[in-house]
>>> print(open('model-v5.pdb').read())   # PDB, C-alpha atoms
MODEL        1
ATOM      1  CA  MET B  12       7.535  15.595 -24.016
ATOM      2  CA  SER B  13       9.920  13.205 -25.702
ATOM      3  CA  PRO B  14      10.330   9.762 -24.067
ATOM      4  CA  SER B  15      13.684  10.755 -22.586
ATOM      5  CA  GLU B  16      12.239  13.973 -21.160
ATOM      6  CA  LYS B  17       9.356  12.031 -19.633
ATOM      7  CA  GLU B  18      11.677   9.499 -18.052
ATOM      8  CA  GLY B  19      13.828  12.222 -16.563
ATOM      9  CA  PHE B  20      10.750  13.795 -15.030
ATOM     10  CA  TYR B  21       9.132  10.572 -13.835
ATOM     11  CA  ARG B  22      12.406   9.560 -12.193
ATOM     12  CA  LEU B  23      11.241  11.820  -9.360
ATOM     13  CA  LEU B  24       8.720   9.115  -8.468
ATOM     14  CA  ILE B  25      11.534   6.709  -7.543
ATOM     15  CA  PRO B  26      13.014   7.045  -4.026
ATOM     16  CA  PRO B  27      16.656   8.155  -4.484
ATOM     17  CA  SER B  28      17.848   5.655  -1.884
ATOM     18  CA  LEU B  29      16.962   2.766  -4.195
ATOM     19  CA  PHE B  30      19.519   3.794  -6.818
ATOM     20  CA  LYS B  31      22.332   3.740  -4.295
ATOM     21  CA  ARG B  32      21.161   0.684  -2.376
ATOM     22  CA  PHE B  33      20.843  -1.513  -5.465
ATOM     23  CA  GLN B  34      23.638   0.115  -7.486
ATOM     24  CA  ILE B  35      21.467   1.327 -10.355
ATOM     25  CA  ASN B  36      22.587   4.334 -12.399
ATOM     26  CA  PRO B  37      19.996   7.127 -11.854
ATOM     27  CA  LEU B  38      20.673   8.605 -15.307
ATOM     28  CA  THR B  39      20.744   5.490 -17.498
ATOM     29  CA  PHE B  40      18.653   3.243 -15.192
ATOM     30  CA  THR B  41      21.119   0.400 -15.770
ATOM     31  CA  ASP B  42      23.352  -1.815 -13.653
ATOM     32  CA  TYR B  43      27.113  -2.149 -14.127
ATOM     33  CA  ALA B  44      26.550  -4.697 -16.895
ATOM     34  CA  GLY B  45      24.361  -2.283 -18.839
ATOM     35  CA  ASN B  46      21.074  -4.041 -18.135
ATOM     36  CA  ARG B  47      18.184  -1.589 -17.980
ATOM     37  CA  LEU B  48      16.333  -2.193 -14.702
ATOM     38  CA  VAL B  49      13.734   0.591 -14.703
ATOM     39  CA  ARG B  50      10.628   0.517 -16.889
ATOM     40  CA  PHE B  51       8.353   3.488 -17.563
ATOM     41  CA  TYR B  52       4.837   3.003 -18.884
ATOM     42  CA  CYS B  53       3.727   6.419 -20.106
ATOM     43  CA  PRO B  54       2.228   6.360 -23.612
ATOM     44  CA  GLU B  55       1.441   9.642 -25.303
ATOM     45  CA  ARG B  56      -1.808  11.254 -24.113
ATOM     46  CA  GLU B  57      -2.399   8.585 -21.472
ATOM     47  CA  GLU B  58      -3.636   9.805 -18.086
ATOM     48  CA  THR B  59      -1.490   7.292 -16.179
ATOM     49  CA  VAL B  60       2.185   6.667 -15.558
ATOM     50  CA  MET B  61       3.596   3.475 -14.065
ATOM     51  CA  VAL B  62       7.232   3.142 -12.990
ATOM     52  CA  GLU B  63       8.788  -0.218 -12.163
ATOM     53  CA  MET B  64      12.274  -1.051 -10.902
ATOM     54  CA  LYS B  65      13.924  -4.449 -10.550
ATOM     55  CA  ARG B  66      17.182  -5.374  -8.852
ATOM     56  CA  LYS B  67      18.061  -7.888 -11.585
ATOM     57  CA  ILE B  68      16.613  -8.144 -15.055
ATOM     58  CA  ASP B  69      15.355 -11.707 -14.473
ATOM     59  CA  ASP B  70      13.823 -11.121 -11.014
ATOM     60  CA  PRO B  71      10.207 -12.358 -10.971
ATOM     61  CA  ASP B  72       8.987  -9.443  -8.840
ATOM     62  CA  PRO B  73       9.784  -5.723  -9.000
ATOM     63  CA  LEU B  74      11.489  -4.292  -5.968
ATOM     64  CA  TYR B  75       9.538  -1.076  -6.553
ATOM     65  CA  SER B  76       6.464  -0.173  -8.568
ATOM     66  CA  ILE B  77       4.244   2.905  -8.433
ATOM     67  CA  GLN B  78       1.372   4.170 -10.536
ATOM     68  CA  VAL B  79      -0.205   7.624 -10.493
ATOM     69  CA  SER B  80      -2.966   9.121 -12.630
ATOM     70  CA  ASP B  81      -4.593  12.419 -13.486
ATOM     71  CA  ALA B  82      -7.804  13.256 -11.691
ATOM     72  CA  LEU B  83     -10.646  15.039 -13.477
ATOM     73  CA  ASP B  84      -9.595  18.044 -11.435
ATOM     74  CA  PHE B  85      -6.013  18.744 -12.523
ATOM     75  CA  SER B  86      -5.189  20.186  -9.115
ATOM     76  CA  GLN B  87      -5.281  16.622  -7.780
ATOM     77  CA  LEU B  88      -3.097  13.563  -8.380
ATOM     78  CA  ILE B  89      -4.415  10.019  -7.881
ATOM     79  CA  TRP B  90      -1.972   7.579  -6.299
ATOM     80  CA  ASP B  91      -3.204   4.280  -7.746
ATOM     81  CA  PHE B  92      -0.875   1.787  -6.113
ATOM     82  CA  LEU B  93       2.524   1.179  -4.575
ATOM     83  CA  VAL B  94       4.478  -2.090  -4.392
ATOM     84  CA  VAL B  95       7.748  -2.337  -2.481
ATOM     85  CA  ASN B  96       9.561  -5.661  -2.064
ATOM     86  CA  ASP B  97      12.816  -6.601  -0.389
ATOM     87  CA  PRO B  98      14.241  -8.881  -3.109
ATOM     88  CA  ASP B  99      16.427 -10.685  -0.565
ATOM     89  CA  SER B 100      13.492 -11.701   1.620
ATOM     90  CA  GLU B 101      11.390 -14.848   1.432
ATOM     91  CA  ARG B 102       8.470 -14.863  -1.005
ATOM     92  CA  PHE B 103       4.956 -15.838   0.040
ATOM     93  CA  ASN B 104       2.632 -16.803  -2.806
ATOM     94  CA  ILE B 105      -0.454 -15.071  -1.463
ATOM     95  CA  ASP B 106      -1.018 -13.563  -4.916
ATOM     96  CA  ILE B 107      -1.835 -16.946  -6.485
ATOM     97  CA  ASP B 108      -4.514 -19.347  -5.278
ATOM     98  CA  ALA B 109      -4.504 -23.154  -5.395
ATOM     99  CA  GLN B 110      -5.777 -23.070  -9.002
ATOM    100  CA  GLY B 111      -2.999 -20.711 -10.069
ATOM    101  CA  LYS B 112      -5.310 -17.742 -10.444
ATOM    102  CA  ASP B 113      -4.519 -14.192  -9.364
ATOM    103  CA  THR B 114      -6.044 -13.550  -5.939
ATOM    104  CA  LEU B 115      -6.103  -9.760  -6.463
ATOM    105  CA  TRP B 116      -4.455  -9.254  -3.065
ATOM    106  CA  GLY B 117      -6.932 -11.668  -1.478
ATOM    107  CA  ARG B 118      -9.994  -9.826  -2.771
ATOM    108  CA  ALA B 119     -10.997 -12.383  -5.434
ATOM    109  CA  SER B 120      -9.756 -15.508  -3.662
ATOM    110  CA  ARG B 121      -7.263 -16.462  -0.961
ATOM    111  CA  ASN B 122      -4.301 -18.776  -0.546
ATOM    112  CA  LEU B 123      -4.775 -19.511   3.149
ATOM    113  CA  THR B 124      -1.662 -21.654   3.506
ATOM    114  CA  GLU B 125       0.597 -18.924   2.155
ATOM    115  CA  GLU B 126      -1.249 -16.206   4.068
ATOM    116  CA  GLU B 127      -0.679 -18.088   7.328
ATOM    117  CA  ARG B 128       3.024 -18.381   6.508
ATOM    118  CA  ALA B 129       3.173 -14.647   5.754
ATOM    119  CA  LEU B 130       1.357 -13.855   9.007
ATOM    120  CA  ARG B 131       3.815 -15.915  11.051
ATOM    121  CA  ALA B 132       6.742 -14.244   9.269
ATOM    122  CA  GLY B 133       5.524 -10.812  10.387
ATOM    123  CA  LEU B 134       4.023  -9.613   7.100
ATOM    124  CA  SER B 135       0.726  -7.803   6.656
ATOM    125  CA  PRO B 136      -2.145  -8.721   4.311
ATOM    126  CA  GLY B 137      -1.280  -8.185   0.663
ATOM    127  CA  GLN B 138       2.498  -8.526   1.092
ATOM    128  CA  ILE B 139       4.331 -11.164  -0.919
ATOM    129  CA  ARG B 140       7.689 -10.127   0.560
ATOM    130  CA  ARG B 141       8.971  -7.960   3.366
ATOM    131  CA  GLY B 142       9.010  -4.265   2.496
ATOM    132  CA  LEU B 143      11.870  -1.762   2.560
ATOM    133  CA  GLY B 144      10.453   0.922   4.857
ATOM    134  CA  LEU B 145      10.116   3.494   2.075
ATOM    135  CA  THR B 146       6.632   4.913   2.598
ATOM    136  CA  ARG B 147       7.681   8.319   3.898
ATOM    137  CA  GLU B 148      10.397   8.688   1.266
ATOM    138  CA  VAL B 149       7.882   7.787  -1.457
ATOM    139  CA  ILE B 150       5.412  10.381  -0.158
ATOM    140  CA  TYR B 151       8.145  13.020   0.010
ATOM    141  CA  GLY B 152       8.933  12.319  -3.655
ATOM    142  CA  LEU B 153       5.270  12.444  -4.620
ATOM    143  CA  GLU B 154       4.860  15.812  -2.916
ATOM    144  CA  TYR B 155       7.917  17.202  -4.703
ATOM    145  CA  PHE B 156       6.570  15.873  -8.009
ATOM    146  CA  ALA B 157       3.171  17.467  -7.278
ATOM    147  CA  LYS B 158       4.664  20.837  -6.378
ATOM    148  CA  ILE B 159       6.441  21.035  -9.730
ATOM    149  CA  LEU B 160       3.096  20.520 -11.481
ATOM    150  CA  ASP B 161       1.254  22.879  -9.119
ATOM    151  CA  ILE B 162      -0.874  19.974  -7.886
ATOM    152  CA  LYS B 163      -2.549  20.734  -4.564
ATOM    153  CA  SER B 164      -3.522  17.290  -3.275
ATOM    154  CA  ILE B 165      -2.737  13.577  -3.590
ATOM    155  CA  SER B 166      -5.617  11.119  -3.234
ATOM    156  CA  LEU B 167      -5.707   7.343  -2.816
ATOM    157  CA  GLU B 168      -7.762   4.396  -1.656
ATOM    158  CA  ALA B 169      -6.237   2.465   1.255
ATOM    159  CA  LEU B 170      -6.582  -1.166   0.182
ATOM    160  CA  PHE B 171      -6.102  -2.641   3.669
ATOM    161  CA  TYR B 172      -6.694  -1.440   7.216
ATOM    162  CA  HIS B 173      -2.971  -1.200   7.964
ATOM    163  CA  ASN B 174      -2.487   0.970   4.863
ATOM    164  CA  ALA B 175      -5.038   3.483   6.167
ATOM    165  CA  ILE B 176      -3.335   3.727   9.563
ATOM    166  CA  VAL B 177       0.101   4.194   7.972
ATOM    167  CA  TYR B 178      -1.208   6.945   5.685
ATOM    168  CA  GLU B 179      -2.829   8.664   8.662
ATOM    169  CA  ARG B 180       0.623   8.843  10.244
ATOM    170  CA  CYS B 181       1.967  10.428   7.047
ATOM    171  CA  GLY B 182      -0.506  13.311   7.033
ATOM    172  CA  PHE B 183      -3.374  11.885   4.981
ATOM    173  CA  THR B 184      -6.965  12.454   6.059
ATOM    174  CA  TYR B 185     -10.275  11.074   4.810
ATOM    175  CA  PHE B 186     -12.629  11.872   1.947
ATOM    176  CA  GLU B 187     -14.676   8.843   2.983
ATOM    177  CA  GLY B 188     -14.334   6.315   5.758
ATOM    178  CA  PHE B 189     -13.323   8.311   8.835
ATOM    179  CA  LYS B 190     -16.382   7.321  10.903
ATOM    180  CA  ARG B 191     -15.990   3.701   9.824
ATOM    181  CA  LEU B 192     -12.353   3.627  10.961
ATOM    182  CA  GLN B 193     -13.345   5.180  14.278
ATOM    183  CA  ARG B 194     -16.054   2.569  14.675
ATOM    184  CA  ILE B 195     -13.597  -0.240  13.922
ATOM    185  CA  HIS B 196     -11.370   1.039  16.719
ATOM    186  CA  GLN B 197     -14.309   1.114  19.121
ATOM    187  CA  ALA B 198     -15.345  -2.419  18.183
ATOM    188  CA  PHE B 199     -11.830  -3.724  18.895
ATOM    189  CA  GLN B 200     -11.961  -2.436  22.483
ATOM    190  CA  ARG B 201     -12.397  -5.026  25.211
ATOM    191  CA  GLY B 202     -15.920  -6.398  25.036
ATOM    192  CA  GLY B 203     -16.576  -4.923  21.596
ATOM    193  CA  GLN B 204     -17.984  -6.933  18.705
ATOM    194  CA  LEU B 205     -14.662  -7.218  16.863
ATOM    195  CA  PHE B 206     -12.803  -7.982  20.087
ATOM    196  CA  GLN B 207     -15.134 -10.929  20.611
ATOM    197  CA  LYS B 208     -14.385 -12.251  17.129
ATOM    198  CA  LEU B 209     -10.741 -12.792  18.105
ATOM    199  CA  ASP B 210     -11.563 -16.250  19.410
ATOM    200  CA  ALA B 211      -8.594 -18.268  18.067
ATOM    201  CA  SER B 212     -10.929 -20.021  15.619
ATOM    202  CA  ASN B 213      -8.229 -19.674  12.955
ATOM    203  CA  PRO B 214      -4.716 -18.165  12.691
ATOM    204  CA  PHE B 215      -6.082 -14.783  11.602
ATOM    205  CA  ARG B 216      -8.326 -14.288  14.650
ATOM    206  CA  GLN B 217      -5.996 -14.636  17.589
ATOM    207  CA  PRO B 218      -6.603 -13.012  20.989
ATOM    208  CA  GLY B 219      -4.341  -9.983  21.261
ATOM    209  CA  PHE B 220      -4.638  -9.025  17.593
ATOM    210  CA  GLU B 221      -6.765  -6.052  18.673
ATOM    211  CA  LYS B 222      -3.640  -4.459  20.160
ATOM    212  CA  THR B 223      -1.699  -4.043  16.907
ATOM    213  CA  VAL B 224      -2.317  -2.539  13.487
ATOM    214  CA  ARG B 225      -1.079  -5.693  11.757
ATOM    215  CA  GLY B 226      -3.181  -8.007  13.921
ATOM    216  CA  ARG B 227      -6.333  -5.994  13.294
ATOM    217  CA  SER B 228      -5.602  -5.900   9.583
ATOM    218  CA  TRP B 229      -5.327  -9.688   9.352
ATOM    219  CA  ALA B 230      -8.600 -10.160  11.240
ATOM    220  CA  ILE B 231     -10.350  -7.632   8.991
ATOM    221  CA  HIS B 232      -8.858  -9.284   5.916
ATOM    222  CA  ASP B 233     -10.342 -12.554   7.208
ATOM    223  CA  GLY B 234     -13.803 -11.002   7.085
ATOM    224  CA  VAL B 235     -14.672 -10.284  10.726
ATOM    225  CA  ILE B 236     -16.389  -6.991   9.911
ATOM    226  CA  SER B 237     -18.823  -8.607   7.485
ATOM    227  CA  GLU B 238     -20.053 -10.836  10.324
ATOM    228  CA  LEU B 239     -21.168  -7.935  12.510
ATOM    229  CA  ASP B 240     -24.614  -6.511  13.028
ATOM    230  CA  ASP B 241     -23.634  -2.851  13.030
ATOM    231  CA  ASP B 242     -25.271   0.110  11.300
ATOM    232  CA  ILE B 243     -21.954   1.827  10.494
ATOM    233  CA  LEU B 244     -20.036  -1.297   9.455
ATOM    234  CA  ASP B 245     -22.909  -3.032   7.685
ATOM    235  CA  GLU B 246     -21.065  -3.433   4.379
ATOM    236  CA  GLY B 247     -17.910  -5.029   5.745
ATOM    237  CA  TRP B 248     -14.472  -3.652   4.902
ATOM    238  CA  PHE B 249     -14.134  -1.185   2.082
ATOM    239  CA  SER B 250     -11.113   0.829   1.013
ATOM    240  CA  PRO B 251     -11.386   4.311   2.553
ATOM    241  CA  LYS B 252     -10.692   7.255   0.286
ATOM    242  CA  MET B 253      -7.936   9.487   1.646
ATOM    243  CA  TYR B 254      -6.044  12.592   0.572
ATOM    244  CA  LEU B 255      -2.978  14.624   1.447
ATOM    245  CA  MET B 256      -2.787  18.377   0.975
ATOM    246  CA  VAL B 257       0.645  18.896  -0.580
ATOM    247  CA  GLY B 258       2.938  20.496   1.990
ATOM    248  CA  LYS B 259       0.091  20.702   4.506
ATOM    249  CA  PRO B 260      -0.298  17.384   6.366
ATOM    250  CA  ARG B 261      -3.434  17.113   8.457
ATOM    251  CA  PRO B 262      -3.264  15.238  11.768
ATOM    252  CA  VAL B 263      -5.888  12.517  12.083
ATOM    253  CA  CYS B 264      -5.796   9.342  14.168
ATOM    254  CA  THR B 265      -8.333   6.532  14.380
ATOM    255  CA  PHE B 266      -6.079   4.159  16.375
ATOM    256  CA  PRO B 267      -4.480   6.132  19.240
ATOM    257  CA  ASP B 268      -1.119   4.893  20.531
ATOM    258  CA  ALA B 269      -1.106   2.162  17.926
ATOM    259  CA  VAL B 270       1.682  -0.397  17.787
ATOM    260  CA  TYR B 271       2.245  -1.707  14.275
TER     261      TYR B 271
ENDMDL
END
>>> encode(input="model-v5.pdb", output="structure tokens")
Amino acid sequence: MSPSEKEGFYRLLIPPSLFKRFQINPLTFTDYAGNRLVRFYCPEREETVMVEMKRKIDDPDPLYSIQVSDALDFSQLIWDFLVVNDPDSERFNIDIDAQGKDTLWGRASRNLTEEERALRAGLSPGQIRRGLGLTREVIYGLEYFAKILDIKSISLEALFYHNAIVYERCGFTYFEGFKRLQRIHQAFQRGGQLFQKLDASNPFRQPGFEKTVRGRSWAIHDGVISELDDDILDEGWFSPKMYLMVGKPRPVCTFPDAVY
């Protein structure tokens, strides 16, 4: 396809509500001043496409960014990552450590001061700003995109615990990790090994965190699983591999009656 044809097609990966909310032209991808605010990374013969949208051309962070890739099996689409930021919300520098290095969402290193601020502001691990509540709209767009290409399934790796629970609610099920997620839920029950780790020893391990998805996610991000002696959870947290059958959501739940 020509670049313009590609961009017209990949526009389907952007939630339509964003164009209206931030007054961006869905055909030209520009604001009223003519500034182009949407970037497409899709070189010829590459297996990946990345789409990024900003509210203003000089904003430091995108308000929306998504990347998807071809799988070896062309009946499957890989959802590599999603970033959604409310540009009007406060920023928390959890992505940069004290030495100015990228923390890789807290995987390589952590900025504990900023993470504590984010926790107290109601954010989840990995968030630099409040989100926009777009997950279901994004998935609807991905499914529509997949149907056009006759793709049967969408796969991903849930980076954090809260991501996995949210994707469960949206019809994703597990390639790998279902038993581990079930075991995590069991261990957070009263008297369980993870429940006992919520000892108020630091801000990320507060009593009561076992009751919410966000609280559990912060405790897991802080490394509580790696401290357990458990045959199923012996490797600590890892990103479970999940998939959605396009147009055929599969009910699965590892945290019944969860409150986010």
>>> resolve_selection(input="model-v5.pdb", expression="the PyMOL selection byres ((chain B and resi 271) around 7)", output="list in words")
Thr223, Val224, Arg225, Ala269 and Val270 of chain B
>>> atom_distance(input="model-v5.pdb", atom1="atom CA of B:Ile165", atom2="atom CA of B:Pro136")
23.7 Å
>>> residues_around(input="model-v5.pdb", residues="B:Gln207", least_positions_apart="6", cutoff="12 Å", atoms="all atoms listed in the file", output="PyMOL selection string")
chain B and resi 198-201+216-221+230+235-236+238-239
>>> atom_distance(input="model-v5.pdb", atom1="atom CA of B:Lys31", atom2="atom CA of B:Ile159")
24.1 Å
>>> closest_residue(input="model-v5.pdb", among="B:Trp229, B:Leu244, B:Ser80, B:Phe156", to="B:Ala129", atoms="all atoms listed in the file")
B:Trp229
